[in-house]
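Read through the structure below, which is laid out as C-alpha cells, and then see the notes.
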Amino acid sequence: AYILDGVQNMIDISMRRVIKTDAKKDMARKCMELIKPSDSIFLDGSTSAWFIAQQIHNMSLTVVTISLKIADILSDAPSINLVLIGGSFSQKTLSFAGEKTCQALSHYYMDKAFVSCRSVSLEHGVTDSNDSDAALHRLALQHSSLKYLVMDQSKIDKTSFSFVCDLKEVDGLICSDILSPKWVEALTGHGIRLY
C-alpha cells in the first residue's frame with residue numbers, strides 16, 4: 001500500500017518500480033516515437049525513465065541521465081553515448097542529486113528532455129516533492145530544446161511542495177490515460193501536444 005496525498009510525500013523506489021508497469025511501458029512506447037537517431041536526450045531518475053531506457057537500447061543516441069539504474073540498463077548499448085551525471089547518490093531513488101549534480105548538468109544542452117514529476121495542476125504548474133528534484137528537473141527542461149513531461153493520471157490536479165515550471169513551458173505531455181476535456185482544452189490553449 002502507498003499514500004498519494006501530501007505535498008512532500010515520496011513513494012519509495014521499491015514500490016515505484018513495480019506499480020503501474022503497464023502504463024509506464026505504454027508511455028515509453030509513446031516516447032520512442034518522439035526520439036530520432038542522433039538525438040541527445042535527458043532521462044531523469046524516475047521509474048518511467050527506466051522503461052524509456054529499455055526501449056532506446058538499440059538506438060544511436062546521446063543519453064544524459066542522473067540515474068544509476070538507467071546507466072546500468074544502457075551500459076552495454078554500443079550505439080549509446082552515455083553521460084552519467086554524478087553528485088550525492090540516493091539509495092532511495094538510485095540516482096544522483098544535489099548542488100554538484102546541478103552544476104555538472106548545467107554544462108550540457110540536450111535536444112529533448114523526458115522528465116517525470118510528483119504533481120501537475122492547471123493552477124500551480126509542475127511540482128515535485130522536494131527542492132533537489134525540482135531543481136534538477138527545472139534545469140534539465142531549461143537546457144533542452146523540446147521539453148516532455150511523462151506522467152500518469154494519478155499526478156493530475158495535485159500540487160506538491162517544490163515548483164518546477166509553469167505548464168506552458170512544456171512542449172508535450174506523455175500520459176498513460178485519457179485526460180478530461182478541461183485538461184485537453186487547457187493543454188491545447190497553451191500549445192502543448194498530448195501523447
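Ligands are numbered from 1 in the order shown, chains are lettered A, B, ... in the order of the C-alpha cells, and residues start at 1 in each chain.
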* Which residues come within 7 Å of segment 45-57 of chain A, counting only C-alpha atoms, excluding same-chain residues fewer than 5 positions away, as a ChimeraX atom specification? -> /A:16-17,24-25,28,31-32,66-67,70,73-74,77,93,95,116
Compile a residue-level contact table for segment 45-150 of chain A against segment 180-186 of chain A at a cut-off of 12 Å, reporting for every qualifying residue the shortest atom pair and its distance in Å to one decimal, with only C-alpha atoms counted, rows ordered by chain and ascending number, as a tab-separated table.
```
residue	atom	partner	partner_atom	distance
A:Val120	CA	A:Trp183	CA	11.0
A:Ser121	CA	A:Trp183	CA	9.4
A:Leu122	CA	A:Ala186	CA	7.7
A:Glu123	CA	A:Ala186	CA	10.8
A:Gly125	CA	A:Ala186	CA	11.7
```
Could you write out that same residue set with all heavy atoms as a PDB file, in the first residue's frame?
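The result, stored in selection_27.pdb:
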```pdb
ATOM      1  N   VAL A 120       1.032  17.768 -11.058  1.00  0.00           N
ATOM      2  CA  VAL A 120       0.831  18.851 -12.026  1.00  0.00           C
ATOM      3  C   VAL A 120      -0.609  19.348 -11.915  1.00  0.00           C
ATOM      4  O   VAL A 120      -1.545  18.554 -11.798  1.00  0.00           O
ATOM      5  CB  VAL A 120       1.168  18.394 -13.471  1.00  0.00           C
ATOM      6  CG1 VAL A 120       0.264  17.275 -13.939  1.00  0.00           C
ATOM      7  CG2 VAL A 120       1.130  19.544 -14.443  1.00  0.00           C
ATOM      8  N   SER A 121      -0.739  20.667 -11.899  1.00  0.00           N
ATOM      9  CA  SER A 121      -2.080  21.256 -11.840  1.00  0.00           C
ATOM     10  C   SER A 121      -2.147  22.447 -12.783  1.00  0.00           C
ATOM     11  O   SER A 121      -1.116  23.045 -13.112  1.00  0.00           O
ATOM     12  CB  SER A 121      -2.417  21.696 -10.406  1.00  0.00           C
ATOM     13  OG  SER A 121      -1.729  22.890 -10.063  1.00  0.00           O
ATOM     14  N   LEU A 122      -3.338  22.780 -13.202  1.00  0.00           N
ATOM     15  CA  LEU A 122      -3.520  23.933 -14.082  1.00  0.00           C
ATOM     16  C   LEU A 122      -3.197  25.224 -13.345  1.00  0.00           C
ATOM     17  O   LEU A 122      -2.718  26.187 -13.933  1.00  0.00           O
ATOM     18  CB  LEU A 122      -4.952  23.963 -14.623  1.00  0.00           C
ATOM     19  CG  LEU A 122      -5.349  22.797 -15.530  1.00  0.00           C
ATOM     20  CD1 LEU A 122      -6.815  22.895 -15.932  1.00  0.00           C
ATOM     21  CD2 LEU A 122      -4.456  22.749 -16.769  1.00  0.00           C
ATOM     22  N   GLU A 123      -3.435  25.244 -12.048  1.00  0.00           N
ATOM     23  CA  GLU A 123      -3.218  26.454 -11.249  1.00  0.00           C
ATOM     24  C   GLU A 123      -1.751  26.649 -10.868  1.00  0.00           C
ATOM     25  O   GLU A 123      -1.212  27.750 -10.964  1.00  0.00           O
ATOM     26  CB  GLU A 123      -4.072  26.400  -9.981  1.00  0.00           C
ATOM     27  CG  GLU A 123      -3.969  27.643  -9.132  1.00  0.00           C
ATOM     28  CD  GLU A 123      -4.831  27.562  -7.879  1.00  0.00           C
ATOM     29  OE1 GLU A 123      -5.516  26.553  -7.680  1.00  0.00           O
ATOM     30  OE2 GLU A 123      -4.793  28.524  -7.100  1.00  0.00           O
ATOM     31  N   GLY A 125       1.015  24.544 -11.912  1.00  0.00           N
ATOM     32  CA  GLY A 125       2.004  24.019 -12.837  1.00  0.00           C
ATOM     33  C   GLY A 125       2.605  22.698 -12.385  1.00  0.00           C
ATOM     34  O   GLY A 125       1.954  21.893 -11.731  1.00  0.00           O
TER      35      GLY A 125
END
```
* Asked: So how far away is atom CA of Leu146 of chain A from atom CA of Tyr109 of chain A, in Å?
  ->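 So the answer is 10.8 Å.
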* Selection near Leu173 of chain A, 9 Å with only C-alpha atoms, sequence-local residues under 3 positions removed, as a PyMOL selection string -> chain A and resi 147-151+170+187+192-195
What does the file look like for those residues with C-alpha atoms, as a PDB file, in the first residue's frame?
```pdb
ATOM      1  CA  LYS A 147      10.524  19.505 -23.083  1.00  0.00           C
ATOM      2  CA  TYR A 148       8.323  16.475 -22.388  1.00  0.00           C
ATOM      3  CA  LEU A 149       6.501  15.657 -19.180  1.00  0.00           C
ATOM      4  CA  VAL A 150       5.980  11.900 -18.656  1.00  0.00           C
ATOM      5  CA  MET A 151       3.280  11.078 -16.119  1.00  0.00           C
ATOM      6  CA  VAL A 170       6.331  22.207 -21.519  1.00  0.00           C
ATOM      7  CA  LEU A 187      -3.134  21.981 -22.988  1.00  0.00           C
ATOM      8  CA  ILE A 192       1.115  21.680 -25.585  1.00  0.00           C
ATOM      9  CA  ARG A 193       0.946  18.421 -27.548  1.00  0.00           C
ATOM     10  CA  LEU A 194      -0.744  15.488 -25.827  1.00  0.00           C
ATOM     11  CA  TYR A 195       0.583  11.982 -26.475  1.00  0.00           C
TER      12      TYR A 195
END
```
* Run DSSP on the backbone and give me the residues of segment 8-110 of chain A it puts in strand (DSSP E), as a PyMOL selection string. => chain A and resi 40-43+61-65+80-84+88-90+95-97+110
Next, dump the selected residues to file, keeping only N, CA, C and O atoms, as a tab-separated table (two decimals), in the first residue's frame.
```
chain	number	residue	atom	x	y	z
A	40	SER	N	20.18	13.97	-28.74
A	40	SER	CA	20.71	13.96	-27.38
A	40	SER	C	19.51	14.17	-26.46
A	40	SER	O	18.73	15.10	-26.66
A	41	ILE	N	19.34	13.27	-25.50
A	41	ILE	CA	18.16	13.32	-24.64
A	41	ILE	C	18.56	13.26	-23.17
A	41	ILE	O	19.61	12.73	-22.81
A	42	PHE	N	17.70	13.83	-22.33
A	42	PHE	CA	17.85	13.72	-20.89
A	42	PHE	C	16.78	12.80	-20.35
A	42	PHE	O	15.61	12.93	-20.69
A	43	LEU	N	17.20	11.84	-19.52
A	43	LEU	CA	16.27	10.97	-18.79
A	43	LEU	C	16.51	11.17	-17.31
A	43	LEU	O	17.65	11.08	-16.84
A	61	LEU	N	22.16	7.28	-29.96
A	61	LEU	CA	21.76	8.48	-29.23
A	61	LEU	C	22.84	8.89	-28.24
A	61	LEU	O	23.69	8.08	-27.87
A	62	THR	N	22.74	10.12	-27.78
A	62	THR	CA	23.45	10.55	-26.58
A	62	THR	C	22.41	10.66	-25.48
A	62	THR	O	21.38	11.32	-25.64
A	63	VAL	N	22.65	9.97	-24.38
A	63	VAL	CA	21.72	9.96	-23.25
A	63	VAL	C	22.42	10.55	-22.03
A	63	VAL	O	23.45	10.05	-21.59
A	64	VAL	N	21.85	11.63	-21.52
A	64	VAL	CA	22.32	12.26	-20.30
A	64	VAL	C	21.35	11.87	-19.20
A	64	VAL	O	20.14	12.03	-19.35
A	65	THR	N	21.87	11.35	-18.08
A	65	THR	CA	20.99	10.90	-17.01
A	65	THR	C	21.63	11.07	-15.65
A	65	THR	O	22.86	11.10	-15.53
A	80	ILE	N	24.97	3.88	-27.88
A	80	ILE	CA	24.57	4.93	-26.95
A	80	ILE	C	25.80	5.63	-26.39
A	80	ILE	O	26.69	4.98	-25.83
A	81	ASN	N	25.86	6.94	-26.56
A	81	ASN	CA	26.87	7.75	-25.88
A	81	ASN	C	26.26	8.15	-24.54
A	81	ASN	O	25.39	9.01	-24.48
A	82	LEU	N	26.69	7.50	-23.47
A	82	LEU	CA	26.07	7.64	-22.16
A	82	LEU	C	26.84	8.65	-21.31
A	82	LEU	O	28.05	8.53	-21.13
A	83	VAL	N	26.11	9.64	-20.81
A	83	VAL	CA	26.69	10.65	-19.91
A	83	VAL	C	25.97	10.53	-18.57
A	83	VAL	O	24.78	10.88	-18.47
A	84	LEU	N	26.66	10.02	-17.56
A	84	LEU	CA	26.07	9.87	-16.23
A	84	LEU	C	26.49	11.06	-15.38
A	84	LEU	O	27.68	11.29	-15.16
A	88	SER	N	25.61	13.57	-5.19
A	88	SER	CA	25.27	12.78	-3.99
A	88	SER	C	24.30	11.67	-4.37
A	88	SER	O	23.21	11.94	-4.90
A	89	PHE	N	24.70	10.43	-4.11
A	89	PHE	CA	23.88	9.29	-4.51
A	89	PHE	C	22.80	9.01	-3.47
A	89	PHE	O	23.05	9.00	-2.26
A	90	SER	N	21.59	8.75	-3.95
A	90	SER	CA	20.47	8.41	-3.08
A	90	SER	C	20.08	6.95	-3.31
A	90	SER	O	19.70	6.58	-4.42
A	95	SER	N	19.58	7.28	-7.81
A	95	SER	CA	20.04	8.35	-8.71
A	95	SER	C	20.83	9.38	-7.92
A	95	SER	O	20.93	9.32	-6.70
A	96	PHE	N	21.38	10.33	-8.66
A	96	PHE	CA	22.21	11.37	-8.06
A	96	PHE	C	21.43	12.67	-7.96
A	96	PHE	O	20.57	12.96	-8.79
A	97	ALA	N	21.75	13.46	-6.95
A	97	ALA	CA	21.04	14.72	-6.74
A	97	ALA	C	21.95	15.68	-5.99
A	97	ALA	O	23.05	15.32	-5.58
A	110	MET	N	20.57	19.56	-24.33
A	110	MET	CA	20.01	18.40	-25.00
A	110	MET	C	18.94	18.80	-26.01
A	110	MET	O	18.34	19.86	-25.91
```
* To do: Tell me which protein, DNA and RNA residues are within 12 Å of Asp133 of chain A, counting only C-alpha atoms, leaving out same-chain ones fewer than 5 positions away, and put them as an NGL selection string.
  => :A and (8 or 10 or 44-46 or 66 or 90 or 93 or 95-99 or 101-102 or 115-118 or 126-128 or 138-140 or 160-164)
Resulting file, chosen residues, N, CA, C and O atoms, as a short mmCIF file (atom, residue, chain, number, x, y, z; two decimals), in the first residue's frame:
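Ended up saving to out18.cif:
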```cif
data_model
loop_
_atom_site.label_atom_id
_atom_site.label_comp_id
_atom_site.auth_asym_id
_atom_site.auth_seq_id
_atom_site.Cartn_x
_atom_site.Cartn_y
_atom_site.Cartn_z
N GLN A 8 4.71 16.71 0.32
CA GLN A 8 6.09 16.24 0.34
C GLN A 8 6.19 14.72 0.33
O GLN A 8 7.28 14.17 0.50
N MET A 10 6.83 11.12 -0.72
CA MET A 10 7.60 10.42 -1.76
C MET A 10 7.38 8.93 -1.61
O MET A 10 7.52 8.38 -0.52
N ASP A 44 15.46 11.43 -16.56
CA ASP A 44 15.62 11.66 -15.13
C ASP A 44 15.73 10.35 -14.37
O ASP A 44 15.94 9.29 -14.97
N GLY A 45 15.58 10.39 -13.07
CA GLY A 45 15.73 9.20 -12.25
C GLY A 45 14.43 8.46 -11.97
O GLY A 45 14.39 7.56 -11.14
N SER A 46 13.37 8.80 -12.68
CA SER A 46 12.07 8.17 -12.44
C SER A 46 12.04 6.74 -12.97
O SER A 46 12.79 6.38 -13.88
N ILE A 66 20.79 11.15 -14.63
CA ILE A 66 21.23 11.16 -13.24
C ILE A 66 20.99 9.81 -12.59
O ILE A 66 21.28 9.62 -11.41
N SER A 90 21.59 8.75 -3.95
CA SER A 90 20.47 8.41 -3.08
C SER A 90 20.08 6.95 -3.31
O SER A 90 19.70 6.58 -4.42
N THR A 93 16.36 6.52 -4.40
CA THR A 93 15.94 6.75 -5.78
C THR A 93 16.87 6.10 -6.80
O THR A 93 16.57 6.11 -8.00
N SER A 95 19.58 7.28 -7.81
CA SER A 95 20.04 8.35 -8.71
C SER A 95 20.83 9.38 -7.92
O SER A 95 20.93 9.32 -6.70
N PHE A 96 21.38 10.33 -8.66
CA PHE A 96 22.21 11.37 -8.06
C PHE A 96 21.43 12.67 -7.96
O PHE A 96 20.57 12.96 -8.79
N ALA A 97 21.75 13.46 -6.95
CA ALA A 97 21.04 14.72 -6.74
C ALA A 97 21.95 15.68 -5.99
O ALA A 97 23.05 15.32 -5.58
N GLY A 98 21.48 16.90 -5.80
CA GLY A 98 22.21 17.88 -5.03
C GLY A 98 22.87 18.95 -5.88
O GLY A 98 22.79 18.95 -7.12
N GLU A 99 23.55 19.86 -5.21
CA GLU A 99 24.17 21.01 -5.86
C GLU A 99 25.21 20.59 -6.90
O GLU A 99 25.26 21.15 -8.00
N THR A 101 25.34 17.86 -8.61
CA THR A 101 24.64 17.28 -9.75
C THR A 101 24.12 18.38 -10.67
O THR A 101 24.28 18.31 -11.90
N CYS A 102 23.53 19.41 -10.08
CA CYS A 102 23.05 20.55 -10.88
C CYS A 102 24.20 21.26 -11.58
O CYS A 102 24.08 21.64 -12.75
N VAL A 115 11.02 14.17 -18.51
CA VAL A 115 11.04 14.22 -17.05
C VAL A 115 9.68 13.85 -16.48
O VAL A 115 8.65 14.08 -17.10
N SER A 116 9.73 13.28 -15.31
CA SER A 116 8.52 12.99 -14.56
C SER A 116 8.37 14.09 -13.50
O SER A 116 9.21 15.00 -13.42
N CYS A 117 7.35 14.01 -12.73
CA CYS A 117 7.16 14.95 -11.63
C CYS A 117 6.26 14.29 -10.59
O CYS A 117 5.71 13.21 -10.82
N ARG A 118 6.12 14.93 -9.47
CA ARG A 118 5.25 14.38 -8.43
C ARG A 118 3.79 14.79 -8.67
O ARG A 118 2.88 14.05 -8.41
N VAL A 126 3.88 22.50 -12.73
CA VAL A 126 4.59 21.26 -12.45
C VAL A 126 5.31 21.40 -11.12
O VAL A 126 6.04 22.37 -10.90
N THR A 127 5.10 20.42 -10.22
CA THR A 127 5.73 20.48 -8.90
C THR A 127 6.31 19.12 -8.51
O THR A 127 5.90 18.09 -9.03
N ASP A 128 7.29 19.16 -7.60
CA ASP A 128 7.94 17.95 -7.09
C ASP A 128 7.88 17.91 -5.57
O ASP A 128 7.55 18.91 -4.92
N ARG A 138 13.95 21.31 -13.32
CA ARG A 138 13.89 22.66 -13.89
C ARG A 138 15.09 22.90 -14.81
O ARG A 138 14.95 23.39 -15.93
N LEU A 139 16.27 22.53 -14.34
CA LEU A 139 17.49 22.73 -15.12
C LEU A 139 17.49 21.89 -16.40
O LEU A 139 17.84 22.39 -17.48
N ALA A 140 17.09 20.63 -16.29
CA ALA A 140 17.04 19.76 -17.47
C ALA A 140 16.08 20.32 -18.51
O ALA A 140 16.37 20.30 -19.71
N SER A 160 2.46 19.58 -5.34
CA SER A 160 3.46 19.13 -4.38
C SER A 160 4.26 20.32 -3.86
O SER A 160 3.97 21.47 -4.18
N PHE A 161 5.30 20.06 -3.12
CA PHE A 161 6.00 21.06 -2.31
C PHE A 161 6.80 22.08 -3.12
O PHE A 161 6.76 23.28 -2.86
N SER A 162 7.55 21.62 -4.14
CA SER A 162 8.52 22.49 -4.82
C SER A 162 8.14 22.74 -6.28
O SER A 162 7.91 21.80 -7.04
N PHE A 163 8.16 23.99 -6.67
CA PHE A 163 7.81 24.41 -8.02
C PHE A 163 8.91 24.00 -9.01
O PHE A 163 10.10 24.20 -8.76
N VAL A 164 8.50 23.43 -10.15
CA VAL A 164 9.43 23.09 -11.23
C VAL A 164 9.31 24.12 -12.37
O VAL A 164 10.27 24.78 -12.73
#
```
* To do: Compare A:Thr21, A:Ser106, A:Asn58, A:Ser75 by their minimum atom-to-atom distance to His143 of chain A, counting only C-alpha atoms, and give me the closest one.
  =>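 Of A:Thr21, A:Ser106, A:Asn58, A:Ser75, the one nearest His143 of chain A, counting only C-alpha atoms, is A:Ser106.
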* What separation in Å, quoted to one decimal, exists between atom CA of Lys30 of chain A and atom CA of Ser79 of chain A? -> 21.1 Å
